[in-house]
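Here is the file start.cif (mmCIF, C-alpha atoms and all ligand atoms).
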data_input
loop_
_atom_site.label_atom_id
_atom_site.label_comp_id
_atom_site.auth_asym_id
_atom_site.auth_seq_id
_atom_site.Cartn_x
_atom_site.Cartn_y
_atom_site.Cartn_z
CA MET U 1 276.91 -160.50 -90.60
CA THR U 2 274.59 -157.89 -92.10
CA GLU U 3 271.13 -158.27 -90.61
CA GLN U 4 267.75 -156.57 -90.72
CA THR U 5 265.56 -156.13 -87.68
CA LEU U 6 262.06 -154.82 -87.05
CA VAL U 7 261.60 -151.90 -84.67
CA LEU U 8 258.25 -150.53 -83.51
CA ILE U 9 257.79 -147.38 -81.48
CA LYS U 10 254.89 -148.53 -79.36
CA PRO U 11 251.86 -146.40 -78.46
CA ASP U 12 253.32 -145.26 -75.12
CA GLY U 13 256.41 -144.00 -76.96
CA LEU U 14 254.28 -142.03 -79.42
CA ALA U 15 251.80 -140.74 -76.81
CA ARG U 16 254.58 -139.62 -74.45
CA ARG U 17 256.38 -137.83 -77.31
CA LEU U 18 259.43 -140.08 -77.14
CA THR U 19 259.66 -140.71 -80.90
CA GLY U 20 262.60 -138.40 -81.57
CA LEU U 21 264.54 -139.42 -78.47
CA THR U 22 264.08 -143.10 -79.34
CA ILE U 23 265.23 -142.68 -82.95
CA ASP U 24 268.19 -140.63 -81.69
CA ARG U 25 269.35 -143.61 -79.58
CA LEU U 26 268.97 -145.92 -82.58
CA ASP U 27 270.89 -143.47 -84.81
CA ALA U 28 273.77 -143.54 -82.34
CA SER U 29 274.08 -147.29 -82.89
CA GLY U 30 275.39 -146.57 -86.39
CA LEU U 31 272.77 -148.80 -88.04
CA GLN U 32 270.89 -147.66 -91.11
CA MET U 33 267.14 -147.09 -91.17
CA VAL U 34 265.98 -148.69 -94.44
CA ALA U 35 262.19 -148.51 -94.02
CA ALA U 36 259.71 -146.52 -91.92
CA LYS U 37 255.95 -146.00 -91.88
CA MET U 38 253.07 -145.27 -89.53
CA VAL U 39 250.83 -148.31 -89.20
CA GLY U 40 247.29 -148.66 -87.86
CA VAL U 41 247.60 -151.98 -86.05
CA SER U 42 244.64 -154.27 -86.72
CA GLU U 43 243.61 -156.89 -84.19
CA LYS U 44 244.76 -159.52 -86.70
CA LEU U 45 248.22 -157.97 -87.14
CA ALA U 46 248.65 -157.59 -83.36
CA ARG U 47 247.75 -161.23 -82.70
CA GLU U 48 249.97 -162.47 -85.52
CA HIS U 49 252.91 -160.34 -84.36
CA TYR U 50 252.70 -161.64 -80.79
CA LYS U 51 251.42 -165.16 -81.56
CA SER U 52 254.29 -166.86 -79.68
CA LEU U 53 253.01 -165.19 -76.46
CA SER U 54 249.36 -166.21 -76.87
CA ASP U 55 249.44 -168.48 -73.80
CA LYS U 56 250.80 -165.75 -71.47
CA PRO U 57 248.51 -164.23 -68.83
CA PHE U 58 249.32 -160.71 -70.09
CA PHE U 59 248.53 -161.54 -73.74
CA GLU U 60 245.13 -159.79 -74.02
CA ASN U 61 246.52 -156.65 -72.37
CA LEU U 62 249.49 -156.80 -74.73
CA ILE U 63 247.14 -156.77 -77.73
CA LYS U 64 245.31 -153.74 -76.26
CA TYR U 65 248.65 -152.04 -75.54
CA ILE U 66 250.17 -152.48 -79.02
CA ARG U 67 246.87 -151.27 -80.56
CA GLY U 68 247.04 -148.02 -78.59
CA GLU U 69 243.97 -148.76 -76.50
CA PHE U 70 245.69 -147.69 -73.27
CA HIS U 71 246.97 -144.45 -74.81
CA GLY U 72 243.97 -143.01 -76.62
CA LEU U 73 245.40 -143.64 -80.09
CA LYS U 74 242.10 -144.23 -81.82
CA ASP U 75 243.79 -145.02 -85.16
CA HIS U 76 245.86 -147.72 -83.39
CA ARG U 77 249.09 -146.22 -84.64
CA VAL U 78 252.66 -147.34 -84.14
CA LEU U 79 255.80 -146.28 -86.03
CA ALA U 80 257.31 -149.31 -87.77
CA MET U 81 260.91 -149.29 -89.01
CA VAL U 82 263.54 -151.65 -90.36
CA TYR U 83 267.17 -151.18 -89.33
CA ARG U 84 270.02 -152.82 -91.18
CA GLY U 85 273.70 -153.34 -90.41
CA GLU U 86 276.33 -155.55 -88.86
CA ASN U 87 274.73 -157.55 -86.01
CA ALA U 88 271.70 -155.28 -86.20
CA ILE U 89 269.43 -157.60 -84.20
CA LYS U 90 271.69 -157.75 -81.14
CA LYS U 91 272.75 -154.12 -81.40
CA VAL U 92 269.16 -152.85 -81.39
CA ARG U 93 268.25 -155.16 -78.50
CA GLU U 94 271.18 -153.72 -76.52
CA VAL U 95 270.06 -150.16 -77.20
CA CYS U 96 266.52 -151.14 -76.11
CA GLY U 97 267.43 -152.79 -72.81
CA ALA U 98 265.61 -155.52 -70.91
CA THR U 99 261.91 -156.27 -71.44
CA ASN U 100 261.01 -155.29 -67.87
CA PRO U 101 261.68 -151.53 -67.66
CA GLU U 102 262.59 -151.85 -63.97
CA GLN U 103 265.39 -154.24 -64.94
CA ALA U 104 266.55 -152.37 -68.04
CA ALA U 105 270.02 -150.87 -67.67
CA ALA U 106 270.38 -147.12 -67.19
CA GLY U 107 270.94 -145.40 -70.51
CA THR U 108 268.99 -147.93 -72.56
CA ILE U 109 265.72 -146.79 -74.17
CA ARG U 110 263.64 -148.90 -71.81
CA GLY U 111 265.85 -148.02 -68.82
CA SER U 112 265.48 -144.31 -69.54
CA PHE U 113 261.87 -144.09 -70.64
CA GLY U 114 260.00 -147.31 -69.77
CA ARG U 115 257.71 -147.75 -66.80
CA ILE U 116 255.36 -150.22 -65.16
CA THR U 117 251.93 -148.73 -64.60
CA THR U 118 250.04 -149.12 -61.33
CA ALA U 119 247.88 -151.68 -63.18
CA GLY U 120 251.03 -153.75 -63.78
CA GLN U 121 251.29 -153.09 -67.50
CA PHE U 122 254.87 -153.02 -68.85
CA GLU U 123 255.22 -149.87 -70.96
CA ASN U 124 258.60 -150.31 -72.59
CA VAL U 125 258.36 -147.85 -75.51
CA ILE U 126 259.86 -150.01 -78.23
CA HIS U 127 259.67 -153.41 -79.84
CA ALA U 128 262.74 -154.99 -81.42
CA SER U 129 263.05 -158.43 -83.00
CA SER U 130 264.81 -160.88 -80.71
CA ASP U 131 266.62 -163.28 -83.08
CA PRO U 132 267.17 -163.92 -86.81
CA SER U 133 264.08 -166.07 -87.32
CA ASP U 134 261.83 -163.58 -85.47
CA ALA U 135 263.39 -160.71 -87.41
CA ALA U 136 262.74 -162.34 -90.80
CA ARG U 137 259.17 -163.20 -89.84
CA GLU U 138 258.42 -159.76 -88.37
CA VAL U 139 259.98 -157.71 -91.19
CA ALA U 140 257.91 -159.71 -93.71
CA LEU U 141 254.77 -159.33 -91.57
CA TRP U 142 255.01 -155.53 -91.30
CA PHE U 143 256.60 -154.51 -94.63
CA LYS U 144 256.20 -155.36 -98.30
CA PRO U 145 259.58 -156.01 -99.98
CA GLU U 146 259.24 -152.86 -102.12
CA GLU U 147 258.87 -150.69 -98.98
CA ILE U 148 262.41 -151.57 -97.86
CA LEU U 149 265.39 -149.83 -99.49
CA PRO U 150 267.77 -152.21 -101.23
P1 LIG A 1 260.60 -158.19 -75.76
O1 LIG A 1 259.65 -157.08 -76.20
O2 LIG A 1 261.72 -157.66 -74.92
O3 LIG A 1 261.08 -159.03 -76.92
P2 LIG A 1 258.81 -160.39 -75.08
O4 LIG A 1 259.07 -161.44 -74.05
O5 LIG A 1 258.87 -160.78 -76.52
O6 LIG A 1 259.79 -159.16 -74.78
O7 LIG A 1 257.38 -159.79 -74.75
C1 LIG A 1 256.74 -158.93 -75.66
C2 LIG A 1 256.11 -157.79 -74.91
O8 LIG A 1 255.15 -158.33 -73.99
C3 LIG A 1 257.06 -156.99 -74.03
O9 LIG A 1 257.79 -156.01 -74.73
C4 LIG A 1 256.09 -156.38 -73.05
O10 LIG A 1 255.38 -155.29 -73.65
C5 LIG A 1 255.12 -157.53 -72.82
N1 LIG A 1 255.52 -158.35 -71.66
C6 LIG A 1 256.49 -159.31 -71.64
N2 LIG A 1 256.59 -159.88 -70.43
C7 LIG A 1 255.65 -159.26 -69.66
C8 LIG A 1 255.26 -159.40 -68.29
O11 LIG A 1 255.78 -160.23 -67.53
N3 LIG A 1 254.25 -158.58 -67.86
C9 LIG A 1 253.65 -157.68 -68.67
N4 LIG A 1 253.97 -157.51 -69.94
C10 LIG A 1 254.97 -158.29 -70.44
MG MG A 2 260.09 -160.38 -78.16
#
Would you give me this structure, written as C-alpha cells?
Ligand code: IDP
Ligand code: MG
Amino acid sequence: MTEQTLVLIKPDGLARRLTGLTIDRLDASGLQMVAAKMVGVSEKLAREHYKSLSDKPFFENLIKYIRGEFHGLKDHRVLAMVYRGENAIKKVREVCGATNPEQAAAGTIRGSFGRITTAGQFENVIHASSDPSDAAREVALWFKPEEILP
C-alpha cells in the first residue's frame, strides 16, 4: 500500500551536521521525498506533536530537545519532510532503528549516529511516524496540503 510518513531531522542531527548523511540513508530506501521545509518549532507545535507522551517523565526534556534548546538552535529549527511509497511508514522506521540509540541496530540511522548524553537524554537524530494513524495526524500537523507534491 502506498503510504506517506512524516520525518523530522531533529536538532541534534542538524547541529552535528548529519543532515546529508541522514537523507542519504532515506534515499537508499527507494522512497520519494514529496515535501520538505525548515520549521521553527513553537512550544505549541512541540506539545501537540508529542501529546501522546505527555505523561512520560522525559516529556519536558523532549519538548526542550525537539525545540533545539539543548543544541543552541535559537530559531528552534528542524527539517521536516514527507516520504511516500510502498510501506513507507515501516520502511522509514526500519532505516531509523530503535528509539533507544544504544539498542538501535548497527547501520540504522540511530544505530550509526544516535547517542545517550551523560544527562540521560536520548539523542536519536530523527523522528519518523510510527503507524498509519500517527502518520496521517503528523503529516497534517506539520504540512499544509498544498506543500506536498501530488
Ligand atoms: P520514536 O521516536 O522511536 O517513535 P517514541 O516512543 O514515540 O519513540 O518517543 C518519542 C521520542 O521521545 C523518542 O524519539 C526520544 O527522543 C524520546 N524518548 C522516548 N523514550 C525515551 C526514554 O526512555 N528516555 C528518554 N527519551 C525518550
Ligand atoms: Mg513515536
Within 12 Å of ligand MG 2 (chain A), which residues of chain U show up? Give each one with its shortest atom-to-atom distance in Å (one decimal) and the two atoms involved, counting only C-alpha atoms and all ligand atoms, rows by chain then rising residue number, as a Markdown table.
| residue | atom | partner | partner_atom | distance |
| --- | --- | --- | --- | --- |
| U:Thr5 | CA | A:MG2 | MG | 11.8 |
| U:Leu6 | CA | A:MG2 | MG | 10.7 |
| U:Val7 | CA | A:MG2 | MG | 10.8 |
| U:Leu8 | CA | A:MG2 | MG | 11.4 |
| U:His49 | CA | A:MG2 | MG | 9.5 |
| U:Tyr50 | CA | A:MG2 | MG | 7.9 |
| U:Lys51 | CA | A:MG2 | MG | 10.5 |
| U:Ser52 | CA | A:MG2 | MG | 8.8 |
| U:Leu53 | CA | A:MG2 | MG | 8.7 |
| U:Leu62 | CA | A:MG2 | MG | 11.7 |
| U:Ile89 | CA | A:MG2 | MG | 11.5 |
| U:Arg93 | CA | A:MG2 | MG | 9.7 |
| U:Cys96 | CA | A:MG2 | MG | 11.4 |
| U:Gly97 | CA | A:MG2 | MG | 11.8 |
| U:Ala98 | CA | A:MG2 | MG | 10.3 |
| U:Thr99 | CA | A:MG2 | MG | 8.1 |
| U:Asn100 | CA | A:MG2 | MG | 11.5 |
| U:Asn124 | CA | A:MG2 | MG | 11.6 |
| U:Ile126 | CA | A:MG2 | MG | 10.4 |
| U:His127 | CA | A:MG2 | MG | 7.2 |
| U:Ala128 | CA | A:MG2 | MG | 6.8 |
| U:Ser129 | CA | A:MG2 | MG | 6.0 |
| U:Ser130 | CA | A:MG2 | MG | 5.4 |
| U:Asp131 | CA | A:MG2 | MG | 8.7 |
| U:Pro132 | CA | A:MG2 | MG | 11.7 |
| U:Ser133 | CA | A:MG2 | MG | 11.5 |
| U:Asp134 | CA | A:MG2 | MG | 8.2 |
| U:Ala135 | CA | A:MG2 | MG | 9.8 |
| U:Glu138 | CA | A:MG2 | MG | 10.4 |
Can you write just those residues out, C-alpha atoms, as a PDB file, keeping the file's coordinate frame?
ATOM      1  CA  THR U   5     265.560-156.130 -87.680  1.00  0.00           C
ATOM      2  CA  LEU U   6     262.060-154.820 -87.050  1.00  0.00           C
ATOM      3  CA  VAL U   7     261.600-151.900 -84.670  1.00  0.00           C
ATOM      4  CA  LEU U   8     258.250-150.530 -83.510  1.00  0.00           C
ATOM      5  CA  HIS U  49     252.910-160.340 -84.360  1.00  0.00           C
ATOM      6  CA  TYR U  50     252.700-161.640 -80.790  1.00  0.00           C
ATOM      7  CA  LYS U  51     251.420-165.160 -81.560  1.00  0.00           C
ATOM      8  CA  SER U  52     254.290-166.860 -79.680  1.00  0.00           C
ATOM      9  CA  LEU U  53     253.010-165.190 -76.460  1.00  0.00           C
ATOM     10  CA  LEU U  62     249.490-156.800 -74.730  1.00  0.00           C
ATOM     11  CA  ILE U  89     269.430-157.600 -84.200  1.00  0.00           C
ATOM     12  CA  ARG U  93     268.250-155.160 -78.500  1.00  0.00           C
ATOM     13  CA  CYS U  96     266.520-151.140 -76.110  1.00  0.00           C
ATOM     14  CA  GLY U  97     267.430-152.790 -72.810  1.00  0.00           C
ATOM     15  CA  ALA U  98     265.610-155.520 -70.910  1.00  0.00           C
ATOM     16  CA  THR U  99     261.910-156.270 -71.440  1.00  0.00           C
ATOM     17  CA  ASN U 100     261.010-155.290 -67.870  1.00  0.00           C
ATOM     18  CA  ASN U 124     258.600-150.310 -72.590  1.00  0.00           C
ATOM     19  CA  ILE U 126     259.860-150.010 -78.230  1.00  0.00           C
ATOM     20  CA  HIS U 127     259.670-153.410 -79.840  1.00  0.00           C
ATOM     21  CA  ALA U 128     262.740-154.990 -81.420  1.00  0.00           C
ATOM     22  CA  SER U 129     263.050-158.430 -83.000  1.00  0.00           C
ATOM     23  CA  SER U 130     264.810-160.880 -80.710  1.00  0.00           C
ATOM     24  CA  ASP U 131     266.620-163.280 -83.080  1.00  0.00           C
ATOM     25  CA  PRO U 132     267.170-163.920 -86.810  1.00  0.00           C
ATOM     26  CA  SER U 133     264.080-166.070 -87.320  1.00  0.00           C
ATOM     27  CA  ASP U 134     261.830-163.580 -85.470  1.00  0.00           C
ATOM     28  CA  ALA U 135     263.390-160.710 -87.410  1.00  0.00           C
ATOM     29  CA  GLU U 138     258.420-159.760 -88.370  1.00  0.00           C
TER      30      GLU U 138
END
Report the centre and edge lengths, in Å to one decimal, of an axis-aligned box enclosing every atom of range 46-55 of chain U listed in the file, padded by 3 Å on each side, as JSON.
{"center_x": 251.0, "center_y": -163.0, "center_z": -79.7, "size_x": 12.5, "size_y": 16.9, "size_z": 17.7}
Practice problem: Select all residues near (269.0, -155.2, -85.2) (cut-off 7 Å, inclusive, file coordinates), counting only C-alpha atoms, and output them as JSON, numbers by chain. | Solution: {"U": [3, 4, 5, 83, 84, 87, 88, 89, 90, 91, 92, 93]}
Quiz item: At what distance in Å, to one decimal, does CA of Leu149 in chain U lie from CA of Leu31 in chain U?
Solution: 13.7 Å
Quiz prompt | Interatomic distance, CA of Ala80 in chain U to CA of Ala36 in chain U (Å, one decimal) | solution = 5.5 Å
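Minimum atom-to-atom distance to ligand LIG 1 (chain A), evaluated using all atoms listed in the file, belongs to U:Tyr65 out of U:Phe143, U:Phe70, U:Tyr65, U:Phe113.
Here the question is which of U:Gly85, U:Pro150, U:Gly72, U:Gly120 gets nearest to ligand LIG 1 (chain A) using only C-alpha atoms and all ligand atoms, and that residue is U:Gly120.
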Practice problem: Give as a VMD selection string each residue that has an atom at most 12 Å from (263.6, -138.2, -75.9) in the file, counting only C-alpha atoms. | Solution: chain U and resid 13 to 14 16 to 26 107 to 110 112 to 114 125
Quiz item: Hey, which of U:Thr118, U:Gln103, U:Asn61, U:Ser29 ends up closest to ligand LIG 1 (chain A)? Count all atoms listed in the file.
Solution: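 Of the candidates, the smallest distance to ligand LIG 1 (chain A) is held by U:Asn61.
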Can I get a file of range 29-43 of chain U from the given structure, all heavy atoms kept, as an mmCIF file, in the first residue's frame?
data_model
loop_
_atom_site.group_PDB
_atom_site.id
_atom_site.type_symbol
_atom_site.label_atom_id
_atom_site.label_comp_id
_atom_site.auth_asym_id
_atom_site.auth_seq_id
_atom_site.Cartn_x
_atom_site.Cartn_y
_atom_site.Cartn_z
ATOM 1 N N SER U 29 16.412 3.974 0.631
ATOM 2 C CA SER U 29 15.208 3.158 0.847
ATOM 3 C C SER U 29 14.342 3.110 -0.403
ATOM 4 O O SER U 29 13.423 2.294 -0.491
ATOM 5 C CB SER U 29 14.389 3.736 2.007
ATOM 6 O OG SER U 29 13.753 4.930 1.593
ATOM 7 N N GLY U 30 14.607 3.984 -1.359
ATOM 8 C CA GLY U 30 13.830 3.994 -2.600
ATOM 9 C C GLY U 30 12.531 4.780 -2.506
ATOM 10 O O GLY U 30 11.798 4.886 -3.484
ATOM 11 N N LEU U 31 12.243 5.334 -1.342
ATOM 12 C CA LEU U 31 11.024 6.142 -1.185
ATOM 13 C C LEU U 31 11.236 7.514 -1.787
ATOM 14 O O LEU U 31 12.376 7.970 -1.954
ATOM 15 C CB LEU U 31 10.670 6.261 0.305
ATOM 16 C CG LEU U 31 10.356 4.927 0.996
ATOM 17 C CD1 LEU U 31 10.334 5.113 2.508
ATOM 18 C CD2 LEU U 31 9.031 4.362 0.501
ATOM 19 N N GLN U 32 10.128 8.187 -2.044
ATOM 20 C CA GLN U 32 10.187 9.505 -2.666
ATOM 21 C C GLN U 32 9.958 10.593 -1.625
ATOM 22 O O GLN U 32 8.997 10.510 -0.840
ATOM 23 C CB GLN U 32 9.058 9.586 -3.695
ATOM 24 C CG GLN U 32 9.454 10.245 -4.955
ATOM 25 C CD GLN U 32 8.245 10.513 -5.839
ATOM 26 O OE1 GLN U 32 7.150 10.028 -5.613
ATOM 27 N NE2 GLN U 32 8.460 11.300 -6.846
ATOM 28 N N MET U 33 10.816 11.614 -1.629
ATOM 29 C CA MET U 33 10.567 12.783 -0.786
ATOM 30 C C MET U 33 9.565 13.674 -1.521
ATOM 31 O O MET U 33 9.826 14.084 -2.653
ATOM 32 C CB MET U 33 11.870 13.550 -0.543
ATOM 33 C CG MET U 33 11.736 14.652 0.492
ATOM 34 S SD MET U 33 13.088 15.858 0.387
ATOM 35 C CE MET U 33 14.501 14.885 0.868
ATOM 36 N N VAL U 34 8.425 13.946 -0.900
ATOM 37 C CA VAL U 34 7.381 14.720 -1.586
ATOM 38 C C VAL U 34 7.112 16.067 -0.922
ATOM 39 O O VAL U 34 6.301 16.852 -1.414
ATOM 40 C CB VAL U 34 6.068 13.913 -1.729
ATOM 41 C CG1 VAL U 34 6.253 12.747 -2.688
ATOM 42 C CG2 VAL U 34 5.547 13.438 -0.381
ATOM 43 N N ALA U 35 7.805 16.356 0.180
ATOM 44 C CA ALA U 35 7.709 17.666 0.826
ATOM 45 C C ALA U 35 8.911 17.834 1.738
ATOM 46 O O ALA U 35 9.410 16.853 2.298
ATOM 47 C CB ALA U 35 6.427 17.786 1.648
ATOM 48 N N ALA U 36 9.386 19.081 1.863
ATOM 49 C CA ALA U 36 10.500 19.364 2.775
ATOM 50 C C ALA U 36 10.505 20.849 3.111
ATOM 51 O O ALA U 36 10.284 21.683 2.225
ATOM 52 C CB ALA U 36 11.835 18.976 2.146
ATOM 53 N N LYS U 37 10.740 21.165 4.362
ATOM 54 C CA LYS U 37 10.890 22.577 4.762
ATOM 55 C C LYS U 37 11.571 22.651 6.135
ATOM 56 O O LYS U 37 11.456 21.733 6.945
ATOM 57 C CB LYS U 37 9.528 23.279 4.816
ATOM 58 C CG LYS U 37 8.560 22.714 5.843
ATOM 59 C CD LYS U 37 7.218 23.475 5.857
ATOM 60 C CE LYS U 37 6.261 22.837 6.859
ATOM 61 N NZ LYS U 37 4.934 23.480 6.894
ATOM 62 N N MET U 38 12.268 23.772 6.355
ATOM 63 C CA MET U 38 12.782 24.058 7.690
ATOM 64 C C MET U 38 11.630 24.653 8.501
ATOM 65 O O MET U 38 10.873 25.487 7.989
ATOM 66 C CB MET U 38 13.926 25.067 7.630
ATOM 67 C CG MET U 38 15.147 24.618 6.849
ATOM 68 S SD MET U 38 15.903 23.100 7.476
ATOM 69 C CE MET U 38 16.384 23.608 9.135
ATOM 70 N N VAL U 39 11.520 24.213 9.749
ATOM 71 C CA VAL U 39 10.429 24.688 10.600
ATOM 72 C C VAL U 39 11.004 25.174 11.923
ATOM 73 O O VAL U 39 11.822 24.482 12.540
ATOM 74 C CB VAL U 39 9.411 23.556 10.898
ATOM 75 C CG1 VAL U 39 8.273 24.060 11.791
ATOM 76 C CG2 VAL U 39 8.849 22.970 9.607
ATOM 77 N N GLY U 40 10.586 26.349 12.361
ATOM 78 C CA GLY U 40 10.852 26.808 13.719
ATOM 79 C C GLY U 40 9.762 26.234 14.611
ATOM 80 O O GLY U 40 8.589 26.557 14.440
ATOM 81 N N VAL U 41 10.152 25.342 15.520
ATOM 82 C CA VAL U 41 9.158 24.571 16.272
ATOM 83 C C VAL U 41 8.680 25.374 17.485
ATOM 84 O O VAL U 41 9.435 25.597 18.434
ATOM 85 C CB VAL U 41 9.742 23.216 16.723
ATOM 86 C CG1 VAL U 41 8.670 22.392 17.442
ATOM 87 C CG2 VAL U 41 10.288 22.445 15.533
ATOM 88 N N SER U 42 7.426 25.797 17.443
ATOM 89 C CA SER U 42 6.842 26.513 18.584
ATOM 90 C C SER U 42 6.581 25.530 19.720
ATOM 91 O O SER U 42 6.492 24.312 19.503
ATOM 92 C CB SER U 42 5.522 27.175 18.174
ATOM 93 O OG SER U 42 4.560 26.168 17.889
ATOM 94 N N GLU U 43 6.467 26.081 20.910
ATOM 95 C CA GLU U 43 6.109 25.264 22.078
ATOM 96 C C GLU U 43 4.796 24.515 21.802
ATOM 97 O O GLU U 43 4.662 23.323 22.105
ATOM 98 C CB GLU U 43 5.944 26.227 23.263
ATOM 99 C CG GLU U 43 5.574 25.582 24.552
ATOM 100 C CD GLU U 43 6.748 25.455 25.508
ATOM 101 O OE1 GLU U 43 7.721 26.217 25.387
ATOM 102 O OE2 GLU U 43 6.662 24.565 26.373
#
